[in-house]
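Q: Handing you a structure now.
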Amino acid sequence: MKQEQVYYWAHANGDKPGPWQTIEGTPKSAIEKATLLGAAFFSTFGFEYEPAKDKEEPYRYGDLVFDFDNEDDPEIAREHAIELVRHLMRYDVDPEDLRYFLSGKKGFHVAIPHYIIGSSKGDPMLPKIYSKIVDYMIVRLWMDGPCTIDTSMYAMGKGKLLRMKNVKRDNGAYKVPITWSELQGTNYQELILKASAPREILLKPYDWTTSDKLFVLYTSFKRREHEPSSSKLVDAAKFVKRCGFVRHCLENAAHLEEPKWHALLSIVKGLGNDGIWLAHDLSCTYRDYKHQNILHKMERVEPNYSCEKIKANLYNCGCNCGVSSPSKLWTKASSQESQDAIKHTDSTKLLEITDQLDLYPSSEGIPYADIVIDNCRKTFQIETKEFKNLIGFLFYRSAGKPLKNTLAADLIQDLTARAIHGPHEPRKIYTRIAHVDDAVYIDLCDDSWRAIEITANGWSIINTPPVRFRRLKSMQPLNEPIRGGQVSELINLLNIDEEEAILVIAWLLGTLCPGPFPILTLEGEQGTAKSSTTRMLRQLIDPSIAPTRATPRNLQDLIIAASSSHILALDNMSGVPLWLSDALCRIATGDSFAARKLFTNDEESIISVIKPIILNGIDQIAERHDLADRSLRVSLPVIPAHKRKPEALLDAAFKEAAPKILGGLCEGVACALKNRHKVKTNNLPRMADFALWCYAAEEVMPWEEGEFLEKYTLNQNESIQSALESDDIANSIKLLMKRTSFWQGSPTELLNELTGIIDEKISQLKYWPKTPAMLGRRLTRTQAFLRKSGIDITREKGGNRIITIRTTSEHKDTPTEKLSIDTLFE
């Protein structure tokens with residue numbers, strides 16, 4: 001189900017809704033916001049966007065709600081609700097998974113959550129699909145007898161509003177939730193007493209299990225609703241009502257003779273694919289019915305048992321329907337020639353369009369299509385609105401009329417299946433940058449789908465790159481590079497010291513390497529142009545409508561942001577939580593993230609991500625050792641008032657310099673490709689691939705030979721030292737080793753030793769380890785950094801788990817020095 005949706009809500013106007021108002025959000029957050037606004041009614045469906053006459057029908061989302069009303073005798077409504085639920089149990093639905101409400105006046109609501117019926121992906125015609133399902137259920141359970149279900153619930157347009165939970169009616173009663181046991185075990189007069197005040201009950205949590213039987217029923221009605229008007233098939237409810245013999249079988253299922261059941265299976269076998277689910281549903285109340293036997297019996301039975309045989313040998317229905325077999329009642333009686341001709345013409349036009357498509361799956365199994373338009377090859381993910389709009393445009397250009405939503409939906413479904421299950425090998429889909437063999441490709445993201453091709457021999461702009469790029473709404477065209485440009489022009493645009501400019505330029509060059517990537521952290525007080533520097537660096541390589549983002553709230557938001565661009569830029573950070581620090585390290589060096597696919601139990605979606613990252617903030621951002629070890633830490637100086645430039649002037653300077661800077665970076669990439677297998681250096685620093693890439697390109701970059709590695713190593717050492725200074729465990733061990741050059745003992749003894757060294761206030765801090773196990777985890781993170789500071793820690797495995805600490809460089813003796821709270825955070 002789409003997360004952000006449009007909903008409608010209203011205050012109470014007496015016992016009816018007042019003026020409708022819109023609200024957006026997730027299903028949960030929208031209800032919460034509407035509640036805060038004093039809503040008494042809320043829409044039964046959520047919408048992709050607000051429905052309007054001049055727009056295509058939006059996708060609709062929501063549960064299937066049955067509204068049972070009987071003002072004269074609500075007890076009848078309760079009995080009908082119970083009968084429905086018991087029938088749903090034949091579809092393997094757990095009644096505890098449904099939601100029940102007492103309306104507070106005349107009836108009950110029973111809701112089937114969208115994931116149970118399989119409608120989570122939504123549909124533009126969802127109300128009509130639900131309406132057909134309800135019509136069928138009514139016929140299936142009550143035939144033409146009285147039924148208390150309100151079928152006006154399933155309206156198109158803006159839909160209907162339902163009273164919200166625990167909202168008071170004019171009669172003083174509330175609409176309250178109830179349980180399945182209360183619904184079936186308590187009469188209405190006793191239940192209504194529960195509506196005298198607002199009520200909360202403990203519900204079974206959603207387990208996101210879809211009923212296979214209900215899903216088959218849902219997809220059948222969905223397909224029927226999306227078939228064009230030329231369809232010869234009627235819906236299941238009309239079929240059951242038309243055939244007297246089928247109705248007879250249903251009404252007498254408990255004591256039906258086997259030959260009649262055999263004839264019933266013969267009839268539905270003549271209905272094709274629809275007959276399979278209908279055979280199960282029409283047979284489920286038959287006394288000898290077993291689900292696993294249906295398919296076996298359907299294989300053996302001859303289709304289309306004739307009306308003549310039925311009337312002569314089984315049951316004289318008295319119908320004069322004029323068909324040879326009840327199966328024929330599945331088709332309409334009216335002529336279809338003209339409509340079939342129209343359908344054939346539309347199908348021919350669509351076939352001409354789809355013949356132009358090159359269908360294939362991505363390496364992640366996502367369906368894609370290539371299409372050549374005006375000699376330009378374009379790549380689209382099939383299940384997107386952009387692709388649907390493209391097909392609609394091509395159809396209009398060919399047929400001179402709009403493509404119907406129903407045809408478009410069927411076409412998308414067909415193309416998706418052909419792309420995923422067709423004969424084509426999966427292809428890698430790239431975002432902005434692609435490394436293939438010994439070449440680098442950069443998507444210009446222009447209307448012609450051109451790309452920059454960089455090899456060891458130089459760079460050029462090509463019209464049809466050999467790789468496939470995906471386009472996202474946020475992506476903007478890249479400046480076309482200029483030959484002879486210099487990367488050093490960047491120094492004139494940024495508020496940065498020339499010494500640290502080498503590191504920033506190297507990071508930019510590194511964004512075009514295969515990875516892993518160092519994390520660029522820009523630090524400085526207010527007024528140092530951190531945000532504008534971040535935006536500028538991002539726009540040089542990966543222009544976007546939103547070049548920077550706020551700190552994500554959770555891992556899912558972070559992975560979506562990272563996978564949707566080439567560079568992840570987080571702005572104005574005030575500290576990095578532990579989970580975010582770990583995730584950023586994994587993204588920079590490359591890793592796969594697993595998540596359960598929406599509305600499934602056991603299917604996972606795997607996203608592989610390796611991306612360059614920029615972080616900026618006032619405080620020291622990379623405090624944790626693993627993040628500091630992967631970071632290029634750059635401090636921005638305060639800009640004096642007389643050196644500040646208006647935004648418009650800075651933008652103009654950037655627009656002029658950007659093509660030259662990109663041209664210089666392309667030259668650097670070509671040089672790196674030429675030399676990367678030749679260069680050799682000893683004692684490579686952390687992020688060795690990045691260091692080698694920049695080292696291989698230095699003959700065309702604005703720094704002297706060996707200067708980059710020198711400054712990069714120095715920057716890493718400073719980052720490590722800063723991380724150590726902010727680490728209370730590292731500081732306490734350093735103080736311990738100022739007293740001695742050798743220490744050995746158990747984890748418990750080391751924890752006691754360190755706790756004795758530090759100030760008491762530190763030991764009471766949240767992050768000071770309280771157990772030897774916690775200390776062990778902290779040592780794992782810090783011991784590699786301490787080794788670089790001259791302190792070596794080894795830890796034995798097994799029984800005693802002895803820890804040995806020794807110094808590998810000289811340390812002063814200060815045996816009485818204690819670590820204080822002020823020293824720790826200065």
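Chains: A, B, ... in order of the structure tokens. Residues: from 1 per chain. Ligands: from 1, in order shown.
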Considering only C-alpha atoms, return as a list in words whatever protein or nucleic-acid residues lie within 6 Å of Asp370 in chain A, sequence-local ones (same chain, fewer than 6 positions apart) excluded.
A: Leu357, Asp358, Lys378 and Thr379 of chain A
Q: Print the selection's residues with N, CA and C atoms to a file, as a CSV table (one decimal), in the first residue's frame.
A:
```csv
chain,number,residue,atom,x,y,z
A,357,LEU,N,9.6,-2.3,-27.9
A,357,LEU,CA,10.2,-2.4,-26.6
A,357,LEU,C,11.2,-3.5,-26.5
A,358,ASP,N,12.3,-3.2,-25.8
A,358,ASP,CA,13.3,-4.3,-25.4
A,358,ASP,C,13.1,-4.5,-23.9
A,378,LYS,N,15.8,5.2,-24.8
A,378,LYS,CA,15.5,5.6,-23.4
A,378,LYS,C,15.2,4.4,-22.6
A,379,THR,N,15.4,4.4,-21.3
A,379,THR,CA,15.2,3.3,-20.4
A,379,THR,C,14.2,3.7,-19.3
```
Q: Find the residues near His109 in chain A: any atom within 6 Å, counting only C-alpha atoms, skip ones fewer than 4 places away on the same chain, and give them as a list in words.
A: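 Using only C-alpha atoms, the neighbours found are Phe66, Asp67, Tyr100 and Phe101 of chain A.
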Q: For Ile31 in chain A, please output as a list in words all residues within 10 Å (counting only C-alpha atoms; exclusion window: fewer than 6 positions along the same chain).
A: Tyr7, Tyr8, Trp9, Ile23, Glu24, Gly25, Leu37, Ala39, Phe41, Phe42, Ser43 and Met164 of chain A
Q: Using only C-alpha atoms, which residues sit within 12 Å of Leu390 in chain A once same-chain residues fewer than 4 positions away are excluded, as a list in words?
A: Ile353, Thr354, Leu357, Ala369, Asp370, Ile371, Val372, Ile373, Lys378, Thr379, Phe380, Gln381, Ile382, Glu383, Thr384, Lys385, Glu386, Leu394, Phe395, Tyr396, Arg397, Pro402, Leu403, Ala408 and Ile412 of chain A
Q: Contacts between range 630-654 of chain A and range 508-592 of chain A, please, where a residue of range 508-592 of chain A counts if it comes within 6 Å (with only C-alpha atoms); show its shortest atom pair and distance in Å to one decimal, rows by chain and ascending number, as a Markdown table.
A:
```
| residue | atom | partner | partner_atom | distance |
| --- | --- | --- | --- | --- |
| A:Pro518 | CA | A:Arg630 | CA | 5.3 |
| A:Ile519 | CA | A:Ser631 | CA | 4.5 |
| A:Leu520 | CA | A:Leu632 | CA | 4.8 |
| A:Thr521 | CA | A:Arg633 | CA | 4.9 |
| A:Leu522 | CA | A:Val634 | CA | 5.1 |
| A:Glu523 | CA | A:Ser635 | CA | 4.8 |
| A:Gly524 | CA | A:Leu636 | CA | 5.1 |
| A:Gly527 | CA | A:Val638 | CA | 5.9 |
| A:Thr528 | CA | A:Val638 | CA | 4.7 |
```
Q: Give me every strand (DSSP E or B) residue in range 283-513 of chain A, going by DSSP on the backbone, as a VMD selection string.
A: chain A and resid 331 358 to 362 367 to 373 376 to 381 427 429 to 430 433 to 436 439 to 443 451 to 455 458 to 462 468 to 469 475
Q: Write the residues of the preceding selection, restricted to C-alpha atoms, as a PDB file, in the first residue's frame.
A:
```pdb
ATOM      1  CA  THR A 331     -21.603 -14.840 -21.737  1.00  0.00           C
ATOM      2  CA  ASP A 358      13.285  -4.257 -25.426  1.00  0.00           C
ATOM      3  CA  LEU A 359      12.132  -5.945 -22.223  1.00  0.00           C
ATOM      4  CA  TYR A 360      14.464  -7.333 -19.559  1.00  0.00           C
ATOM      5  CA  PRO A 361      14.906  -7.579 -15.783  1.00  0.00           C
ATOM      6  CA  SER A 362      17.500  -5.627 -13.839  1.00  0.00           C
ATOM      7  CA  PRO A 367      11.267  -5.108 -14.892  1.00  0.00           C
ATOM      8  CA  TYR A 368      12.709  -2.555 -17.339  1.00  0.00           C
ATOM      9  CA  ALA A 369      12.101  -1.597 -20.951  1.00  0.00           C
ATOM     10  CA  ASP A 370      14.231   0.198 -23.568  1.00  0.00           C
ATOM     11  CA  ILE A 371      12.520   2.110 -26.350  1.00  0.00           C
ATOM     12  CA  VAL A 372      13.983   4.137 -29.209  1.00  0.00           C
ATOM     13  CA  ILE A 373      12.157   7.423 -29.824  1.00  0.00           C
ATOM     14  CA  CYS A 376      17.222   8.209 -28.907  1.00  0.00           C
ATOM     15  CA  ARG A 377      17.256   5.096 -26.707  1.00  0.00           C
ATOM     16  CA  LYS A 378      15.475   5.620 -23.403  1.00  0.00           C
ATOM     17  CA  THR A 379      15.225   3.299 -20.401  1.00  0.00           C
ATOM     18  CA  PHE A 380      12.215   3.044 -18.111  1.00  0.00           C
ATOM     19  CA  GLN A 381      11.210   0.976 -15.137  1.00  0.00           C
ATOM     20  CA  ARG A 427      21.158  -6.152 -16.971  1.00  0.00           C
ATOM     21  CA  ILE A 429      20.960  -0.571 -14.033  1.00  0.00           C
ATOM     22  CA  TYR A 430      23.084   2.386 -12.911  1.00  0.00           C
ATOM     23  CA  ILE A 433      27.786   6.797 -12.752  1.00  0.00           C
ATOM     24  CA  ALA A 434      28.700   3.446 -14.303  1.00  0.00           C
ATOM     25  CA  HIS A 435      31.996   1.546 -14.258  1.00  0.00           C
ATOM     26  CA  VAL A 436      32.144  -1.117 -16.966  1.00  0.00           C
ATOM     27  CA  ALA A 439      35.599   2.754 -18.890  1.00  0.00           C
ATOM     28  CA  VAL A 440      33.549   5.176 -16.814  1.00  0.00           C
ATOM     29  CA  TYR A 441      30.185   6.518 -17.995  1.00  0.00           C
ATOM     30  CA  ILE A 442      28.476   9.583 -16.531  1.00  0.00           C
ATOM     31  CA  ASP A 443      24.807  10.176 -17.350  1.00  0.00           C
ATOM     32  CA  ALA A 451      26.539  10.247 -21.479  1.00  0.00           C
ATOM     33  CA  ILE A 452      30.194  11.095 -20.933  1.00  0.00           C
ATOM     34  CA  GLU A 453      32.478   8.175 -21.799  1.00  0.00           C
ATOM     35  CA  ILE A 454      35.897   8.207 -20.123  1.00  0.00           C
ATOM     36  CA  THR A 455      38.671   5.747 -20.968  1.00  0.00           C
ATOM     37  CA  GLY A 458      40.504  10.493 -22.793  1.00  0.00           C
ATOM     38  CA  TRP A 459      36.850  11.424 -22.681  1.00  0.00           C
ATOM     39  CA  SER A 460      34.018  12.234 -25.080  1.00  0.00           C
ATOM     40  CA  ILE A 461      30.243  12.649 -25.110  1.00  0.00           C
ATOM     41  CA  ILE A 462      28.365   9.767 -26.768  1.00  0.00           C
ATOM     42  CA  ARG A 468      21.610   1.472 -18.898  1.00  0.00           C
ATOM     43  CA  PHE A 469      20.885   4.414 -16.611  1.00  0.00           C
ATOM     44  CA  MET A 475      17.678  14.204 -11.009  1.00  0.00           C
TER      45      MET A 475
END
```
Q: Looking only at helix (DSSP H, G or I) from DSSP on the backbone, list the matching residues of range 288-398 of chain A as a ChimeraX atom specification.
A: /A:291-300,307-314,326-330,337-354,385-398
Q: Go ahead and dump the residues you just picked, C-alpha atoms, as a PDB file, in the first residue's frame.
A:
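The result, stored in again03.pdb:
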```pdb
ATOM      1  CA  HIS A 291     -10.203 -28.527  -1.121  1.00  0.00           C
ATOM      2  CA  GLN A 292      -7.386 -30.771  -2.325  1.00  0.00           C
ATOM      3  CA  ASN A 293      -9.775 -32.974  -4.315  1.00  0.00           C
ATOM      4  CA  ILE A 294     -11.325 -30.238  -6.444  1.00  0.00           C
ATOM      5  CA  LEU A 295      -8.585 -29.958  -9.058  1.00  0.00           C
ATOM      6  CA  HIS A 296      -8.408 -33.723  -9.391  1.00  0.00           C
ATOM      7  CA  LYS A 297     -12.158 -33.947  -9.966  1.00  0.00           C
ATOM      8  CA  MET A 298     -12.095 -30.967 -12.347  1.00  0.00           C
ATOM      9  CA  GLU A 299      -9.519 -32.772 -14.498  1.00  0.00           C
ATOM     10  CA  ARG A 300     -11.701 -35.858 -14.799  1.00  0.00           C
ATOM     11  CA  CYS A 307     -29.226 -28.191 -19.635  1.00  0.00           C
ATOM     12  CA  GLU A 308     -31.080 -31.062 -21.292  1.00  0.00           C
ATOM     13  CA  LYS A 309     -29.285 -33.681 -19.159  1.00  0.00           C
ATOM     14  CA  ILE A 310     -29.725 -31.646 -16.020  1.00  0.00           C
ATOM     15  CA  LYS A 311     -33.457 -31.211 -16.524  1.00  0.00           C
ATOM     16  CA  ALA A 312     -33.971 -34.858 -17.541  1.00  0.00           C
ATOM     17  CA  ASN A 313     -31.839 -36.545 -14.890  1.00  0.00           C
ATOM     18  CA  LEU A 314     -31.008 -34.186 -12.024  1.00  0.00           C
ATOM     19  CA  PRO A 326     -25.521 -23.349 -17.962  1.00  0.00           C
ATOM     20  CA  SER A 327     -21.904 -22.458 -18.777  1.00  0.00           C
ATOM     21  CA  LYS A 328     -23.226 -20.380 -21.677  1.00  0.00           C
ATOM     22  CA  LEU A 329     -24.963 -18.068 -19.214  1.00  0.00           C
ATOM     23  CA  TRP A 330     -21.443 -16.802 -18.435  1.00  0.00           C
ATOM     24  CA  GLU A 337     -19.156  -7.479 -33.487  1.00  0.00           C
ATOM     25  CA  SER A 338     -18.690  -3.711 -33.523  1.00  0.00           C
ATOM     26  CA  GLN A 339     -17.132  -3.617 -30.051  1.00  0.00           C
ATOM     27  CA  ASP A 340     -14.816  -6.506 -30.939  1.00  0.00           C
ATOM     28  CA  ALA A 341     -13.650  -4.567 -33.989  1.00  0.00           C
ATOM     29  CA  ILE A 342     -12.834  -1.556 -31.791  1.00  0.00           C
ATOM     30  CA  LYS A 343     -11.029  -3.805 -29.344  1.00  0.00           C
ATOM     31  CA  HIS A 344      -9.047  -5.389 -32.189  1.00  0.00           C
ATOM     32  CA  THR A 345      -7.988  -1.955 -33.490  1.00  0.00           C
ATOM     33  CA  ASP A 346      -6.797  -0.815 -30.053  1.00  0.00           C
ATOM     34  CA  SER A 347      -4.987  -4.084 -29.519  1.00  0.00           C
ATOM     35  CA  THR A 348      -3.245  -3.724 -32.878  1.00  0.00           C
ATOM     36  CA  LYS A 349      -2.046  -0.226 -31.969  1.00  0.00           C
ATOM     37  CA  LEU A 350      -0.754  -1.417 -28.601  1.00  0.00           C
ATOM     38  CA  LEU A 351       0.977  -4.363 -30.251  1.00  0.00           C
ATOM     39  CA  GLU A 352       2.766  -1.989 -32.620  1.00  0.00           C
ATOM     40  CA  ILE A 353       3.994   0.020 -29.635  1.00  0.00           C
ATOM     41  CA  THR A 354       5.063  -2.943 -27.516  1.00  0.00           C
ATOM     42  CA  LYS A 385       3.854   6.327 -13.759  1.00  0.00           C
ATOM     43  CA  GLU A 386       6.416   7.778 -16.201  1.00  0.00           C
ATOM     44  CA  PHE A 387       6.356   4.620 -18.294  1.00  0.00           C
ATOM     45  CA  LYS A 388       2.567   4.446 -18.223  1.00  0.00           C
ATOM     46  CA  ASN A 389       2.406   8.073 -19.388  1.00  0.00           C
ATOM     47  CA  LEU A 390       4.857   7.311 -22.192  1.00  0.00           C
ATOM     48  CA  ILE A 391       2.750   4.392 -23.436  1.00  0.00           C
ATOM     49  CA  GLY A 392      -0.329   6.600 -23.224  1.00  0.00           C
ATOM     50  CA  PHE A 393       1.382   9.308 -25.295  1.00  0.00           C
ATOM     51  CA  LEU A 394       2.566   6.856 -27.953  1.00  0.00           C
ATOM     52  CA  PHE A 395      -0.906   5.311 -28.151  1.00  0.00           C
ATOM     53  CA  TYR A 396      -2.516   8.747 -28.546  1.00  0.00           C
ATOM     54  CA  ARG A 397      -0.025   9.674 -31.247  1.00  0.00           C
ATOM     55  CA  SER A 398      -0.852   6.441 -33.099  1.00  0.00           C
TER      56      SER A 398
END
```
